[in-house]
Structure formats: structure tokens, C-alpha cells
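Colleague: Got a structure here, written out as C-alpha cells. Questions coming.
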Amino acid sequence: PSAEEDYNQHVGLYDKNFSRPFTDNYLPKCIESSEDISITEGFRPPKILDLCCGLAPMGLALLKYQIACSVVSKISPEIQYVGIDIRKDAVEKCQKRYADYDGFKFVLHDTDCNLDYIGKNFENKGIQSTLVSSDGSECKYSLDFEFQADIQWSCSLFTHLTLEGAKKALEFTAKSITQSGIS
């Protein structure tokens, strides 16, 4: 995304900073921390579940990893990355940008936008605040396809959740991650 489209970007060398922490640090640390030797030894890329994916810097890091390892053409059409977000604009942008990659899926979790700490659009940023309590529906995720992740990733999700929302997110993660998966 351009710097103007990214509601989380604030300063600096945007083209380098959007994915650099993910390609240089977060994804390698996740791979290194895996207990699955097929992942740590590079025989296959990890499957990632990205809760609150936004504009998907972790998805871009995974794609770069696959390209660097020359595995994109060898990967089955099996899903490798699932990004879930409550922001329709972000999900639609990601769906469009990753349309050529069968292994990348983006899912809109339709919930009340008042639960989105960023607001309905960039101009509302900072106006809304995180609620003290909720029914947890903001994190009652569901997928209409089978997916078991090796890595569940969230970047600044849990700091914006109510206790009920955090419980729902953790329940979904527990059902959606492999026995040896990491979160």
C-alpha cells in the first residue's frame, strides 16, 4: 500500500519500513521458534493465521520468503496465509493485491465498526476509544474453509480488546493452530 493508504504508518522511509520488520525480524523469529523441523529446515513455508492483518505486512513477508526460497511455483494451491480483519477497506485492498496467489486468503470479519480503534476511515483515527467490555463478537471469527496454521500472528490486536474479545480470539486461535504451532 502507499503511505497515504496505510492508517498505521506514521514516519520515515515508508517503502522500506512497511515490511522490513516482518521480513527481517518477525517472520524469521517465528520460523526459528517453530518446533516443526520441516519449517525450521526450510522444506516448506509456514502456514500463517494473521488476526487483525490490516494491510498484511506479514503476508508480504511470507510472499517474499517464498519467492526468495523459490518455492512459489512448487507450492500447492493449498492455503498458506489467512488474514482476518474487521476493516473492509483493508481486506478488499489485500484481496485485490494478492489475487494472483491462490495460497493467500483475506477474510472480512463483519462486526461493529465502533469496536475498531482506528474508526471507519483514516480521518476518524483517534476519535473512538476501546470499550471497557463487550460480548466478544468483535473477535468471534469463523472461516468457511479448513485451515490449520503453524503460526498465529497478531500485531497490536490484544492491546485493543476487551477481556471478552481476547477470550474469543484465543479460543479461535486454539482451534485454528496445529499442535506444534506457535502464537
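Each chain in the C-alpha cells gets a letter, A, B, ..., in the order shown, and its residues are numbered from 1; ligands are numbered from 1 in order too.
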Need to verify the contact set: Ile151 (chain A), 6 Å, only C-alpha atoms, exclusion of same-chain residues closer than 5 positions in sequence. Can you return it as a list in words?
Modeller: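 Near Ile151 (chain A), the qualifying residues are Ile48, Gly181, Ile182 and Ser183 of chain A.
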Colleague: Using only C-alpha atoms, please write the residues we just selected to a file, as a JSON list (two decimals), in the first residue's frame.
Modeller:
[["chain", "number", "residue", "atom", "x", "y", "z"],
["A", 48, "ILE", "CA", 0.18, -18.28, 8.93],
["A", 181, "GLY", "CA", 2.05, -24.25, 16.25],
["A", 182, "ILE", "CA", 3.14, -21.01, 17.87],
["A", 183, "SER", "CA", 1.22, -17.85, 18.57]]
Colleague: Could you please write out, as a list in words, every residue of region 64-101 of chain A that DSSP assigns to strand (DSSP E)?
Modeller: Tyr81, Val82, Gly83, Ile84 and Asp85 of chain A
Colleague: With all heavy atoms retained, write the just-selected residues as a short mmCIF file (atom, residue, chain, number, x, y, z; two decimals), in the first residue's frame.
Modeller:
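Saved result, result-v1.cif, follows:
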data_model
loop_
_atom_site.label_atom_id
_atom_site.label_comp_id
_atom_site.auth_asym_id
_atom_site.auth_seq_id
_atom_site.Cartn_x
_atom_site.Cartn_y
_atom_site.Cartn_z
N TYR A 81 -1.59 -18.63 3.87
CA TYR A 81 -1.74 -17.43 4.69
C TYR A 81 -3.22 -17.04 4.72
O TYR A 81 -3.86 -16.96 3.66
CB TYR A 81 -0.92 -16.27 4.10
CG TYR A 81 -1.14 -14.94 4.80
CD1 TYR A 81 -0.30 -14.54 5.84
CD2 TYR A 81 -2.16 -14.09 4.41
CE1 TYR A 81 -0.50 -13.33 6.48
CE2 TYR A 81 -2.37 -12.88 5.04
CZ TYR A 81 -1.52 -12.50 6.07
OH TYR A 81 -1.73 -11.31 6.71
N VAL A 82 -3.72 -16.80 5.92
CA VAL A 82 -5.08 -16.29 6.09
C VAL A 82 -5.00 -15.03 6.94
O VAL A 82 -4.50 -15.06 8.07
CB VAL A 82 -6.01 -17.32 6.78
CG1 VAL A 82 -7.37 -16.71 7.07
CG2 VAL A 82 -6.17 -18.57 5.91
N GLY A 83 -5.47 -13.94 6.38
CA GLY A 83 -5.54 -12.68 7.10
C GLY A 83 -7.00 -12.36 7.38
O GLY A 83 -7.84 -12.43 6.49
N ILE A 84 -7.28 -12.02 8.63
CA ILE A 84 -8.64 -11.66 9.04
C ILE A 84 -8.61 -10.25 9.60
O ILE A 84 -7.73 -9.91 10.40
CB ILE A 84 -9.19 -12.63 10.11
CG1 ILE A 84 -9.21 -14.07 9.58
CG2 ILE A 84 -10.58 -12.20 10.56
CD1 ILE A 84 -9.62 -15.10 10.62
N ASP A 85 -9.57 -9.44 9.20
CA ASP A 85 -9.64 -8.08 9.72
C ASP A 85 -11.09 -7.61 9.71
O ASP A 85 -11.91 -8.13 8.95
CB ASP A 85 -8.77 -7.13 8.88
CG ASP A 85 -8.31 -5.93 9.68
OD1 ASP A 85 -9.11 -4.99 9.88
OD2 ASP A 85 -7.15 -5.94 10.13
#
Colleague: Measure the distance from CA of Asp135 (chain A) to CA of Lys105 (chain A) in Å and round it to one decimal.
Modeller: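 For CA of Asp135 (chain A) relative to CA of Lys105 (chain A), the distance reads 26.8 Å.
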Colleague: Please compute the CA of Cys155 (chain A)-CA of Lys140 (chain A) distance, one decimal, in Å.
Modeller: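 Computed distance, CA of Cys155 (chain A) to CA of Lys140 (chain A), equals 17.7 Å.
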Colleague: Given only C-alpha atoms as the basis, pick out the residue of A:Asp144, A:Cys52, A:Leu170, A:Tyr101 nearest to Ser156 (chain A).
Modeller: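 Closest candidate: A:Cys52.
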Colleague: Please list as a PDB file with all heavy atoms, in the first residue's frame every residue within 12 Å of Phe158 (chain A), counting only C-alpha atoms and excluding residues in the same chain fewer than 4 positions away.
Modeller:
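Output below, filename out05.pdb:
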ATOM      1  N   LEU A  51      -4.366 -12.546  12.603  1.00  0.00           N
ATOM      2  CA  LEU A  51      -5.563 -11.901  13.145  1.00  0.00           C
ATOM      3  C   LEU A  51      -5.326 -10.404  13.205  1.00  0.00           C
ATOM      4  O   LEU A  51      -4.318  -9.957  13.753  1.00  0.00           O
ATOM      5  CB  LEU A  51      -5.895 -12.443  14.533  1.00  0.00           C
ATOM      6  CG  LEU A  51      -6.214 -13.928  14.607  1.00  0.00           C
ATOM      7  CD1 LEU A  51      -6.537 -14.322  16.047  1.00  0.00           C
ATOM      8  CD2 LEU A  51      -7.372 -14.295  13.692  1.00  0.00           C
ATOM      9  N   CYS A  52      -6.263  -9.649  12.669  1.00  0.00           N
ATOM     10  CA  CYS A  52      -6.150  -8.198  12.569  1.00  0.00           C
ATOM     11  C   CYS A  52      -5.013  -7.864  11.610  1.00  0.00           C
ATOM     12  O   CYS A  52      -4.099  -7.123  11.915  1.00  0.00           O
ATOM     13  CB  CYS A  52      -5.935  -7.578  13.948  1.00  0.00           C
ATOM     14  SG  CYS A  52      -6.177  -5.803  13.986  1.00  0.00           S
ATOM     15  N   TYR A 117     -10.612   0.518  16.770  1.00  0.00           N
ATOM     16  CA  TYR A 117      -9.980   1.661  17.413  1.00  0.00           C
ATOM     17  C   TYR A 117      -9.522   2.728  16.416  1.00  0.00           C
ATOM     18  O   TYR A 117      -9.293   3.863  16.779  1.00  0.00           O
ATOM     19  CB  TYR A 117      -8.796   1.218  18.275  1.00  0.00           C
ATOM     20  CG  TYR A 117      -7.562   0.824  17.497  1.00  0.00           C
ATOM     21  CD1 TYR A 117      -6.493   1.701  17.376  1.00  0.00           C
ATOM     22  CD2 TYR A 117      -7.458  -0.416  16.878  1.00  0.00           C
ATOM     23  CE1 TYR A 117      -5.360   1.349  16.667  1.00  0.00           C
ATOM     24  CE2 TYR A 117      -6.337  -0.777  16.174  1.00  0.00           C
ATOM     25  CZ  TYR A 117      -5.288   0.116  16.068  1.00  0.00           C
ATOM     26  OH  TYR A 117      -4.175  -0.239  15.362  1.00  0.00           O
ATOM     27  N   THR A 130     -11.286   2.290  22.770  1.00  0.00           N
ATOM     28  CA  THR A 130     -11.574   0.894  23.031  1.00  0.00           C
ATOM     29  C   THR A 130     -12.596   0.801  24.161  1.00  0.00           C
ATOM     30  O   THR A 130     -12.503   1.511  25.152  1.00  0.00           O
ATOM     31  CB  THR A 130     -10.274   0.162  23.444  1.00  0.00           C
ATOM     32  OG1 THR A 130      -9.321   0.354  22.398  1.00  0.00           O
ATOM     33  CG2 THR A 130     -10.516  -1.305  23.653  1.00  0.00           C
ATOM     34  N   GLU A 138     -16.577  -8.973  18.522  1.00  0.00           N
ATOM     35  CA  GLU A 138     -15.555  -8.369  17.671  1.00  0.00           C
ATOM     36  C   GLU A 138     -14.443  -9.361  17.335  1.00  0.00           C
ATOM     37  O   GLU A 138     -13.681  -9.153  16.394  1.00  0.00           O
ATOM     38  CB  GLU A 138     -14.980  -7.097  18.301  1.00  0.00           C
ATOM     39  CG  GLU A 138     -14.148  -7.306  19.558  1.00  0.00           C
ATOM     40  CD  GLU A 138     -14.934  -7.349  20.861  1.00  0.00           C
ATOM     41  OE1 GLU A 138     -16.154  -7.606  20.837  1.00  0.00           O
ATOM     42  OE2 GLU A 138     -14.312  -7.126  21.915  1.00  0.00           O
ATOM     43  N   CYS A 139     -14.375 -10.471  18.073  1.00  0.00           N
ATOM     44  CA  CYS A 139     -13.350 -11.495  17.824  1.00  0.00           C
ATOM     45  C   CYS A 139     -13.936 -12.899  17.705  1.00  0.00           C
ATOM     46  O   CYS A 139     -13.218 -13.880  17.860  1.00  0.00           O
ATOM     47  CB  CYS A 139     -12.306 -11.466  18.930  1.00  0.00           C
ATOM     48  SG  CYS A 139     -11.346  -9.946  18.929  1.00  0.00           S
ATOM     49  N   TRP A 153      -0.339 -15.055  14.120  1.00  0.00           N
ATOM     50  CA  TRP A 153       0.310 -13.769  14.312  1.00  0.00           C
ATOM     51  C   TRP A 153      -0.736 -12.695  14.546  1.00  0.00           C
ATOM     52  O   TRP A 153      -1.784 -12.682  13.918  1.00  0.00           O
ATOM     53  CB  TRP A 153       1.139 -13.405  13.073  1.00  0.00           C
ATOM     54  CG  TRP A 153       1.727 -12.042  13.141  1.00  0.00           C
ATOM     55  CD1 TRP A 153       1.238 -10.913  12.572  1.00  0.00           C
ATOM     56  CD2 TRP A 153       2.894 -11.669  13.854  1.00  0.00           C
ATOM     57  NE1 TRP A 153       2.038  -9.851  12.883  1.00  0.00           N
ATOM     58  CE2 TRP A 153       3.065 -10.291  13.677  1.00  0.00           C
ATOM     59  CE3 TRP A 153       3.812 -12.365  14.640  1.00  0.00           C
ATOM     60  CZ2 TRP A 153       4.119  -9.589  14.239  1.00  0.00           C
ATOM     61  CZ3 TRP A 153       4.866 -11.667  15.197  1.00  0.00           C
ATOM     62  CH2 TRP A 153       5.007 -10.302  14.994  1.00  0.00           C
ATOM     63  N   SER A 154      -0.432 -11.793  15.449  1.00  0.00           N
ATOM     64  CA  SER A 154      -1.232 -10.588  15.662  1.00  0.00           C
ATOM     65  C   SER A 154      -0.263  -9.451  15.942  1.00  0.00           C
ATOM     66  O   SER A 154       0.698  -9.635  16.668  1.00  0.00           O
ATOM     67  CB  SER A 154      -2.163 -10.722  16.869  1.00  0.00           C
ATOM     68  OG  SER A 154      -3.025 -11.802  16.730  1.00  0.00           O
ATOM     69  N   THR A 162     -11.352  -6.051  24.548  1.00  0.00           N
ATOM     70  CA  THR A 162     -11.933  -6.252  25.862  1.00  0.00           C
ATOM     71  C   THR A 162     -11.539  -7.654  26.324  1.00  0.00           C
ATOM     72  O   THR A 162     -11.050  -8.469  25.528  1.00  0.00           O
ATOM     73  CB  THR A 162     -13.474  -6.174  25.789  1.00  0.00           C
ATOM     74  OG1 THR A 162     -13.945  -7.241  24.950  1.00  0.00           O
ATOM     75  CG2 THR A 162     -13.940  -4.826  25.255  1.00  0.00           C
ATOM     76  N   LEU A 163     -11.774  -7.967  27.582  1.00  0.00           N
ATOM     77  CA  LEU A 163     -11.485  -9.301  28.096  1.00  0.00           C
ATOM     78  C   LEU A 163     -12.257 -10.351  27.304  1.00  0.00           C
ATOM     79  O   LEU A 163     -11.710 -11.379  26.911  1.00  0.00           O
ATOM     80  CB  LEU A 163     -11.840  -9.387  29.582  1.00  0.00           C
ATOM     81  CG  LEU A 163     -11.677 -10.760  30.236  1.00  0.00           C
ATOM     82  CD1 LEU A 163     -10.234 -11.234  30.151  1.00  0.00           C
ATOM     83  CD2 LEU A 163     -12.158 -10.716  31.683  1.00  0.00           C
ATOM     84  N   GLU A 164     -13.523 -10.061  27.016  1.00  0.00           N
ATOM     85  CA  GLU A 164     -14.364 -10.996  26.275  1.00  0.00           C
ATOM     86  C   GLU A 164     -13.847 -11.200  24.848  1.00  0.00           C
ATOM     87  O   GLU A 164     -13.836 -12.313  24.323  1.00  0.00           O
ATOM     88  CB  GLU A 164     -15.818 -10.509  26.254  1.00  0.00           C
ATOM     89  CG  GLU A 164     -16.460 -10.416  27.626  1.00  0.00           C
ATOM     90  CD  GLU A 164     -16.128  -9.123  28.382  1.00  0.00           C
ATOM     91  OE1 GLU A 164     -15.403  -8.251  27.848  1.00  0.00           O
ATOM     92  OE2 GLU A 164     -16.580  -8.984  29.529  1.00  0.00           O
ATOM     93  N   GLY A 165     -13.417 -10.123  24.208  1.00  0.00           N
ATOM     94  CA  GLY A 165     -12.858 -10.209  22.866  1.00  0.00           C
ATOM     95  C   GLY A 165     -11.568 -11.022  22.847  1.00  0.00           C
ATOM     96  O   GLY A 165     -11.350 -11.839  21.950  1.00  0.00           O
ATOM     97  N   ALA A 166     -10.712 -10.807  23.836  1.00  0.00           N
ATOM     98  CA  ALA A 166      -9.461 -11.560  23.930  1.00  0.00           C
ATOM     99  C   ALA A 166      -9.736 -13.051  24.094  1.00  0.00           C
ATOM    100  O   ALA A 166      -9.084 -13.889  23.459  1.00  0.00           O
ATOM    101  CB  ALA A 166      -8.616 -11.042  25.082  1.00  0.00           C
ATOM    102  N   LYS A 167     -10.723 -13.387  24.919  1.00  0.00           N
ATOM    103  CA  LYS A 167     -11.075 -14.806  25.109  1.00  0.00           C
ATOM    104  C   LYS A 167     -11.530 -15.431  23.795  1.00  0.00           C
ATOM    105  O   LYS A 167     -11.121 -16.543  23.452  1.00  0.00           O
ATOM    106  CB  LYS A 167     -12.174 -14.952  26.162  1.00  0.00           C
ATOM    107  CG  LYS A 167     -11.703 -14.748  27.572  1.00  0.00           C
ATOM    108  CD  LYS A 167     -12.871 -14.890  28.552  1.00  0.00           C
ATOM    109  CE  LYS A 167     -12.457 -14.629  29.972  1.00  0.00           C
ATOM    110  NZ  LYS A 167     -13.601 -14.718  30.898  1.00  0.00           N
ATOM    111  N   LYS A 168     -12.372 -14.725  23.038  1.00  0.00           N
ATOM    112  CA  LYS A 168     -12.859 -15.243  21.751  1.00  0.00           C
ATOM    113  C   LYS A 168     -11.699 -15.409  20.760  1.00  0.00           C
ATOM    114  O   LYS A 168     -11.631 -16.398  20.026  1.00  0.00           O
ATOM    115  CB  LYS A 168     -13.937 -14.338  21.147  1.00  0.00           C
ATOM    116  CG  LYS A 168     -15.227 -14.321  21.918  1.00  0.00           C
ATOM    117  CD  LYS A 168     -15.947 -15.638  21.798  1.00  0.00           C
ATOM    118  CE  LYS A 168     -17.278 -15.566  22.519  1.00  0.00           C
ATOM    119  NZ  LYS A 168     -17.869 -16.863  22.743  1.00  0.00           N
ATOM    120  N   ALA A 169     -10.789 -14.452  20.719  1.00  0.00           N
ATOM    121  CA  ALA A 169      -9.638 -14.548  19.818  1.00  0.00           C
ATOM    122  C   ALA A 169      -8.762 -15.743  20.186  1.00  0.00           C
ATOM    123  O   ALA A 169      -8.298 -16.475  19.307  1.00  0.00           O
ATOM    124  CB  ALA A 169      -8.822 -13.254  19.856  1.00  0.00           C
ATOM    125  N   LEU A 170      -8.550 -15.965  21.475  1.00  0.00           N
ATOM    126  CA  LEU A 170      -7.735 -17.099  21.913  1.00  0.00           C
ATOM    127  C   LEU A 170      -8.434 -18.433  21.647  1.00  0.00           C
ATOM    128  O   LEU A 170      -7.783 -19.410  21.260  1.00  0.00           O
ATOM    129  CB  LEU A 170      -7.387 -16.961  23.397  1.00  0.00           C
ATOM    130  CG  LEU A 170      -6.417 -15.825  23.718  1.00  0.00           C
ATOM    131  CD1 LEU A 170      -6.295 -15.634  25.231  1.00  0.00           C
ATOM    132  CD2 LEU A 170      -5.052 -16.060  23.084  1.00  0.00           C
TER     133      LEU A 170
END
Colleague: Which of these, A:Leu49, A:Cys69, A:Leu60, A:Ala99, has the shortest distance to Phe172 (chain A) once you count only C-alpha atoms?
Modeller: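 Of A:Leu49, A:Cys69, A:Leu60, A:Ala99, the one nearest Phe172 (chain A), counting only C-alpha atoms, is A:Leu49.
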Colleague: With distances taken over only C-alpha atoms, which of A:Phe104, A:Gln152, A:Asp89, A:Tyr98 is nearest to Cys30 (chain A)?
Modeller: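 Looking only at the distances to Cys30 (chain A), the closest residue turns out to be A:Gln152.
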Colleague: Given the choices A:Lys96, A:Val132, A:Asp50, A:Tyr141, which gets closest to His109 (chain A) if the distance is worked out from only C-alpha atoms?
Modeller: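 For His109 (chain A), the nearest of the given residues is A:Tyr141.
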Colleague: To one decimal in Å, tell me the separation between CA of Lys88 (chain A) and CA of Pro45 (chain A).
Modeller: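 These two atoms are separated by 27.7 Å.
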